[in-house]
file my_file05.txt (compact mmCIF, C-alpha atoms)
# COMPACT_ATOMS: atom_id res chain seq x y z
CA MET Z 125 95.80 82.36 5.82
CA THR Z 126 99.57 82.27 5.58
CA ASN Z 127 101.74 85.14 4.45
CA VAL Z 128 102.68 83.17 1.33
CA ALA Z 129 99.04 82.81 0.29
CA LYS Z 130 98.48 86.52 0.89
CA TRP Z 131 101.57 87.45 -1.16
CA VAL Z 132 100.50 85.15 -4.01
CA ARG Z 133 97.11 86.85 -4.15
CA GLN Z 134 98.74 90.28 -4.05
CA ALA Z 135 101.24 89.32 -6.77
CA ARG Z 136 98.39 88.11 -8.95
CA ARG Z 137 96.95 91.61 -8.65
CA GLY Z 138 100.30 93.06 -9.76
CA ARG Z 139 101.65 94.28 -6.44
CA GLN Z 140 105.45 94.42 -6.92
CA SER Z 141 106.28 94.26 -3.23
CA ALA Z 142 104.48 90.88 -3.04
CA TYR Z 143 106.76 89.44 -5.73
CA ARG Z 144 109.75 90.57 -3.68
CA LYS Z 145 108.37 89.00 -0.51
CA LEU Z 146 107.76 85.69 -2.31
CA TYR Z 147 111.28 85.83 -3.70
CA ASP Z 148 112.84 86.57 -0.33
CA ALA Z 149 110.84 83.84 1.38
CA CYS Z 150 111.65 81.12 -1.17
CA VAL Z 151 114.97 81.87 -2.86
CA GLU Z 152 117.16 80.04 -0.37
CA SER Z 153 115.40 76.68 -0.60
CA ALA Z 154 115.13 76.89 -4.40
CA TRP Z 155 118.86 77.66 -4.63
CA ARG Z 156 119.74 74.72 -2.36
CA ILE Z 157 117.75 72.36 -4.55
CA ALA Z 158 119.33 73.62 -7.77
CA TRP Z 159 122.80 73.53 -6.23
CA ARG Z 160 122.35 69.95 -5.02
CA VAL Z 161 121.64 68.87 -8.57
CA LEU Z 162 124.31 70.95 -10.30
CA GLN Z 163 127.04 71.50 -7.69
CA ARG Z 164 127.85 74.80 -9.42
CA ASP Z 165 126.93 78.20 -8.02
CA ASP Z 166 126.61 79.89 -11.41
CA LEU Z 167 124.30 77.29 -12.92
CA ALA Z 168 122.24 77.03 -9.74
CA ALA Z 169 121.74 80.81 -9.67
CA ASP Z 170 120.65 80.80 -13.33
CA CYS Z 171 118.18 77.98 -12.68
CA VAL Z 172 116.69 79.73 -9.66
CA GLN Z 173 116.26 82.93 -11.65
CA ASP Z 174 114.57 80.97 -14.45
CA ALA Z 175 112.37 79.18 -11.91
CA PHE Z 176 111.13 82.45 -10.43
CA VAL Z 177 110.44 83.89 -13.89
CA THR Z 178 108.47 80.77 -14.80
CA ALA Z 179 106.60 80.71 -11.49
CA PHE Z 180 105.69 84.38 -11.65
CA ASP Z 181 104.60 84.07 -15.30
CA ARG Z 182 102.37 81.11 -14.42
CA LEU Z 183 101.16 82.33 -11.05
CA ASP Z 184 97.53 82.21 -12.20
CA SER Z 185 97.82 78.46 -12.79
CA LEU Z 186 98.70 77.78 -9.14
CA SER Z 187 95.54 76.42 -7.54
CA ASP Z 188 96.74 76.23 -3.92
CA GLU Z 189 98.36 79.52 -2.95
CA VAL Z 190 99.91 78.02 0.19
CA ALA Z 191 101.77 75.51 -2.02
CA PHE Z 192 103.81 78.21 -3.76
CA PRO Z 193 107.15 77.29 -2.08
CA ALA Z 194 106.83 73.59 -2.96
CA TRP Z 195 105.67 74.45 -6.47
CA LEU Z 196 108.61 76.80 -6.97
CA ASN Z 197 111.04 74.20 -5.63
CA ARG Z 198 109.73 71.68 -8.14
CA ILE Z 199 110.20 74.19 -10.95
CA ALA Z 200 113.75 74.93 -9.72
CA TRP Z 201 114.52 71.21 -9.62
CA ARG Z 202 113.23 70.74 -13.19
CA LYS Z 203 115.27 73.72 -14.38
CA ALA Z 204 118.37 72.26 -12.71
CA MET Z 205 117.81 68.85 -14.32
CA ASP Z 206 117.36 70.56 -17.70
CA ALA Z 207 120.65 72.41 -17.15
CA LEU Z 208 122.36 69.15 -16.26
CA ARG Z 209 121.05 67.60 -19.49
CA ARG Z 210 122.32 70.59 -21.48
CA GLU Z 211 125.73 70.23 -19.85
CA ALA Z 212 125.72 66.52 -20.75
CA ARG Z 213 125.07 67.35 -24.41
CA HIS Z 214 128.19 69.49 -24.44
CA LEU Z 215 130.28 66.64 -23.13
CA GLY Z 216 132.07 64.92 -25.90
CA PRO Z 217 135.03 62.67 -26.26
CA GLU Z 218 138.31 64.25 -25.32
CA LEU Z 219 140.35 65.02 -28.36
CA ASN Z 220 143.59 63.15 -28.60
CA GLU Z 221 146.26 64.81 -30.69
CA ASN Z 222 147.08 61.41 -32.24
CA ASP Z 223 143.50 60.87 -33.43
CA GLY Z 224 142.82 61.44 -37.07
CA PRO Z 225 139.65 62.96 -38.46
CA VAL Z 226 137.95 59.56 -38.79
CA GLU Z 227 138.40 58.72 -35.09
CA THR Z 228 137.29 62.18 -34.01
CA VAL Z 229 134.13 62.08 -36.13
CA ALA Z 230 133.33 58.52 -35.01
CA ASP Z 231 133.75 59.48 -31.33
CA HIS Z 232 131.58 62.55 -31.81
CA LEU Z 233 128.82 60.54 -33.50
CA ALA Z 234 128.94 57.91 -30.74
CA ALA Z 235 128.64 60.64 -28.09
CA GLN Z 236 125.67 62.16 -29.95
CA ARG Z 237 123.95 58.76 -30.12
CA LEU Z 238 124.48 58.23 -26.40
CA VAL Z 239 123.08 61.64 -25.46
CA SER Z 240 120.08 61.08 -27.76
CA ALA Z 241 119.47 57.68 -26.18
CA ILE Z 242 119.70 59.17 -22.67
CA ASP Z 243 117.15 61.81 -23.65
CA THR Z 244 114.63 59.09 -24.54
CA LEU Z 245 114.76 57.50 -21.07
CA ASP Z 246 111.91 58.20 -18.67
CA ALA Z 247 112.82 61.03 -16.28
CA PRO Z 248 113.52 58.90 -13.15
CA PHE Z 249 116.05 56.79 -15.07
CA ARG Z 250 117.49 59.67 -17.09
CA ASP Z 251 118.04 61.76 -13.95
CA VAL Z 252 120.04 58.99 -12.26
CA VAL Z 253 122.20 58.46 -15.38
CA LEU Z 254 122.87 62.18 -15.65
CA LEU Z 255 123.83 62.52 -12.02
CA TYR Z 256 125.79 59.28 -11.61
CA ASP Z 257 127.46 58.77 -14.97
CA LEU Z 258 127.77 62.31 -16.28
CA ALA Z 259 127.98 64.50 -13.17
CA GLY Z 260 130.08 61.93 -11.31
CA CYS Z 261 127.91 61.71 -8.20
CA THR Z 262 127.99 58.69 -5.91
CA HIS Z 263 124.79 56.74 -5.25
CA PRO Z 264 124.34 58.40 -1.82
CA GLU Z 265 124.72 61.81 -3.50
CA VAL Z 266 122.23 60.88 -6.22
CA ALA Z 267 119.82 59.69 -3.55
CA VAL Z 268 120.03 62.98 -1.66
CA ARG Z 269 119.69 65.10 -4.80
CA LEU Z 270 116.65 63.18 -6.06
CA GLY Z 271 115.13 62.44 -2.67
CA ILE Z 272 115.14 58.67 -3.19
CA PRO Z 273 116.72 55.75 -1.30
CA VAL Z 274 120.25 54.69 -2.29
CA GLY Z 275 118.91 51.31 -3.41
CA SER Z 276 116.50 53.03 -5.80
CA SER Z 277 119.39 54.98 -7.29
CA LYS Z 278 121.30 51.76 -7.92
CA ARG Z 279 118.27 49.99 -9.39
CA ARG Z 280 117.33 52.88 -11.65
CA LEU Z 281 120.90 53.11 -12.92
CA SER Z 282 120.97 49.39 -13.65
CA VAL Z 283 117.65 49.53 -15.53
CA ALA Z 284 118.71 52.66 -17.41
CA ARG Z 285 122.01 51.17 -18.51
CA GLU Z 286 120.25 48.01 -19.73
CA ARG Z 287 117.80 50.12 -21.73
CA LEU Z 288 120.62 52.22 -23.16
CA ARG Z 289 122.53 49.09 -24.18
CA GLY Z 290 119.43 47.85 -25.98
CA MET Z 291 118.92 51.17 -27.76
CA LEU Z 292 122.55 51.49 -28.79
CA ASP Z 293 122.73 47.86 -29.91
CA ASP Z 294 119.70 48.49 -32.13
CA VAL Z 295 121.47 51.48 -33.69
CA ARG Z 296 124.62 49.42 -34.30
CA ASP Z 297 122.61 46.62 -35.86
CA HIS Z 298 121.08 49.04 -38.39
CA GLU Z 299 124.38 50.62 -39.45

call {"tool": "encode", "arguments": {"input": "my_file05.txt", "output": "structure tokens"}}
result
Amino acid sequence: MTNVAKWVRQARRGRQSAYRKLYDACVESAWRIAWRVLQRDDLAADCVQDAFVTAFDRLDSLSDEVAFPAWLNRIAWRKAMDALRREARHLGPELNENDGPVETVADHLAAQRLVSAIDTLDAPFRDVVLLYDLAGCTHPEVAVRLGIPVGSSKRRLSVARERLRGMLDDVRDHE
């Protein structure tokens, strides 16, 4: 039996010191994962905190106690990707002082359509778009953050962009 498995069992019984031991043992790797996705200390810290809250709330659903660190890291990664998506929603066209209200509204609506279309992509494609196009990562950086080969990053981006073009063309055709 590993210490992690013992601490998980103790935490399930409500022992506060076990929660602290799990936190201390796993916080660094969870933070590294969140930071790789977000490249911002503040957002990574928030995601890690949310990941621990989620993991501790759902501790009874963990079937393999030894797997707690990997399970927590996956939760942290999902929280980081969710944060990246939220950040993408807040991105909008830069306002130009020469734009009138019509241009500003049209740009805002186009940005909303794009974000909505990105949200409909399957996660592997959406994640690459978010990291490459919105977070400004290179393909090698995307590959490291998602744990995939560089070629897979390029292929997923190509497929995602084709799907987005199709979705956005359909919207334009119906307007």

call {"tool": "atom_distance", "arguments": {"input": "my_file05.txt", "atom1": "CA of Arg136 in chain Z", "atom2": "CA of Val190 in chain Z"}}
result
13.7 Å

call {"tool": "closest_residue", "arguments": {"input": "my_file05.txt", "among": "Z:Ala149, Z:Val132, Z:Cys171, Z:Ala200", "to": "Ser185 in chain Z", "atoms": "all atoms listed in the file"}}
result
Z:Val132

call {"tool": "atom_distance", "arguments": {"input": "my_file05.txt", "atom1": "CA of Gly260 in chain Z", "atom2": "CA of Ser276 in chain Z"}}
result
17.1 Å

call {"tool": "residues_around", "arguments": {"input": "my_file05.txt", "residues": "Ile242 in chain Z", "least_positions_apart": "6", "cutoff": "8 Å", "atoms": "all atoms listed in the file", "output": "ChimeraX atom specification"}}
result
/Z:250,253,288

call {"tool": "atom_distance", "arguments": {"input": "my_file05.txt", "atom1": "CA of Val239 in chain Z", "atom2": "CA of Arg280 in chain Z"}}
result
17.3 Å

call {"tool": "closest_residue", "arguments": {"input": "my_file05.txt", "among": "Z:Ala175, Z:Leu255, Z:Leu238, Z:Ala169", "to": "Phe192 in chain Z", "atoms": "all atoms listed in the file"}}
result
Z:Ala175

call {"tool": "closest_residue", "arguments": {"input": "my_file05.txt", "among": "Z:Ile272, Z:Cys150, Z:Ala135, Z:Leu292", "to": "Leu183 in chain Z", "atoms": "only C-alpha atoms"}}
result
Z:Ala135

call {"tool": "closest_residue", "arguments": {"input": "my_file05.txt", "among": "Z:Arg156, Z:Arg137, Z:Arg182, Z:Lys278", "to": "Asn197 in chain Z", "atoms": "all atoms listed in the file"}}
result
Z:Arg156

call {"tool": "closest_residue", "arguments": {"input": "my_file05.txt", "among": "Z:Ala168, Z:Gln173, Z:Ala247, Z:Ser277", "to": "Tyr147 in chain Z", "atoms": "all atoms listed in the file"}}
result
Z:Gln173

call {"tool": "axis_aligned_box", "arguments": {"input": "my_file05.txt", "around": "range 235-247 of chain Z", "padding_each_side": "5 Å", "output": "lines of an AutoDock Vina configuration file"}}
result
center_x = 120.3
center_y = 59.8
center_z = -23.2
size_x = 26.7
size_y = 14.7
size_z = 23.8

call {"tool": "residues_around", "arguments": {"input": "my_file05.txt", "residues": "His263 in chain Z", "least_positions_apart": "2", "cutoff": "12 Å", "atoms": "only C-alpha atoms", "output": "PyMOL selection string"}}
result
chain Z and resi 252-257+259-261+265-282

call {"tool": "residues_around", "arguments": {"input": "my_file05.txt", "residues": "Lys145 in chain Z", "least_positions_apart": "4", "cutoff": "12 Å", "atoms": "only C-alpha atoms", "output": "ChimeraX atom specification"}}
result
/Z:127-132,134-135,139-141,149-151,193

call {"tool": "write_last_selection", "arguments": {"input": "my_file05.txt", "atoms": "C-alpha atoms", "output": "PDB file, in the coordinates of the input"}}
result
ATOM      1  CA  ASN Z 127     101.740  85.140   4.450  1.00  0.00           C
ATOM      2  CA  VAL Z 128     102.680  83.170   1.330  1.00  0.00           C
ATOM      3  CA  ALA Z 129      99.040  82.810   0.290  1.00  0.00           C
ATOM      4  CA  LYS Z 130      98.480  86.520   0.890  1.00  0.00           C
ATOM      5  CA  TRP Z 131     101.570  87.450  -1.160  1.00  0.00           C
ATOM      6  CA  VAL Z 132     100.500  85.150  -4.010  1.00  0.00           C
ATOM      7  CA  GLN Z 134      98.740  90.280  -4.050  1.00  0.00           C
ATOM      8  CA  ALA Z 135     101.240  89.320  -6.770  1.00  0.00           C
ATOM      9  CA  ARG Z 139     101.650  94.280  -6.440  1.00  0.00           C
ATOM     10  CA  GLN Z 140     105.450  94.420  -6.920  1.00  0.00           C
ATOM     11  CA  SER Z 141     106.280  94.260  -3.230  1.00  0.00           C
ATOM     12  CA  ALA Z 149     110.840  83.840   1.380  1.00  0.00           C
ATOM     13  CA  CYS Z 150     111.650  81.120  -1.170  1.00  0.00           C
ATOM     14  CA  VAL Z 151     114.970  81.870  -2.860  1.00  0.00           C
ATOM     15  CA  PRO Z 193     107.150  77.290  -2.080  1.00  0.00           C
TER      16      PRO Z 193
END

call {"tool": "closest_residue", "arguments": {"input": "my_file05.txt", "among": "Z:Leu167, Z:Ala207, Z:Ile157, Z:Val177", "to": "Ala194 in chain Z", "atoms": "all atoms listed in the file"}}
result
Z:Ile157

call {"tool": "residues_around", "arguments": {"input": "my_file05.txt", "residues": "Leu196 in chain Z", "least_positions_apart": "5", "cutoff": "10 Å", "atoms": "only C-alpha atoms", "output": "list in words"}}
result
Tyr147, Cys150, Val151, Ser153, Ala154, Val172, Ala175, Phe176, Thr178, Ala179, Phe180, Ala191, Trp201 and Arg202 of chain Z
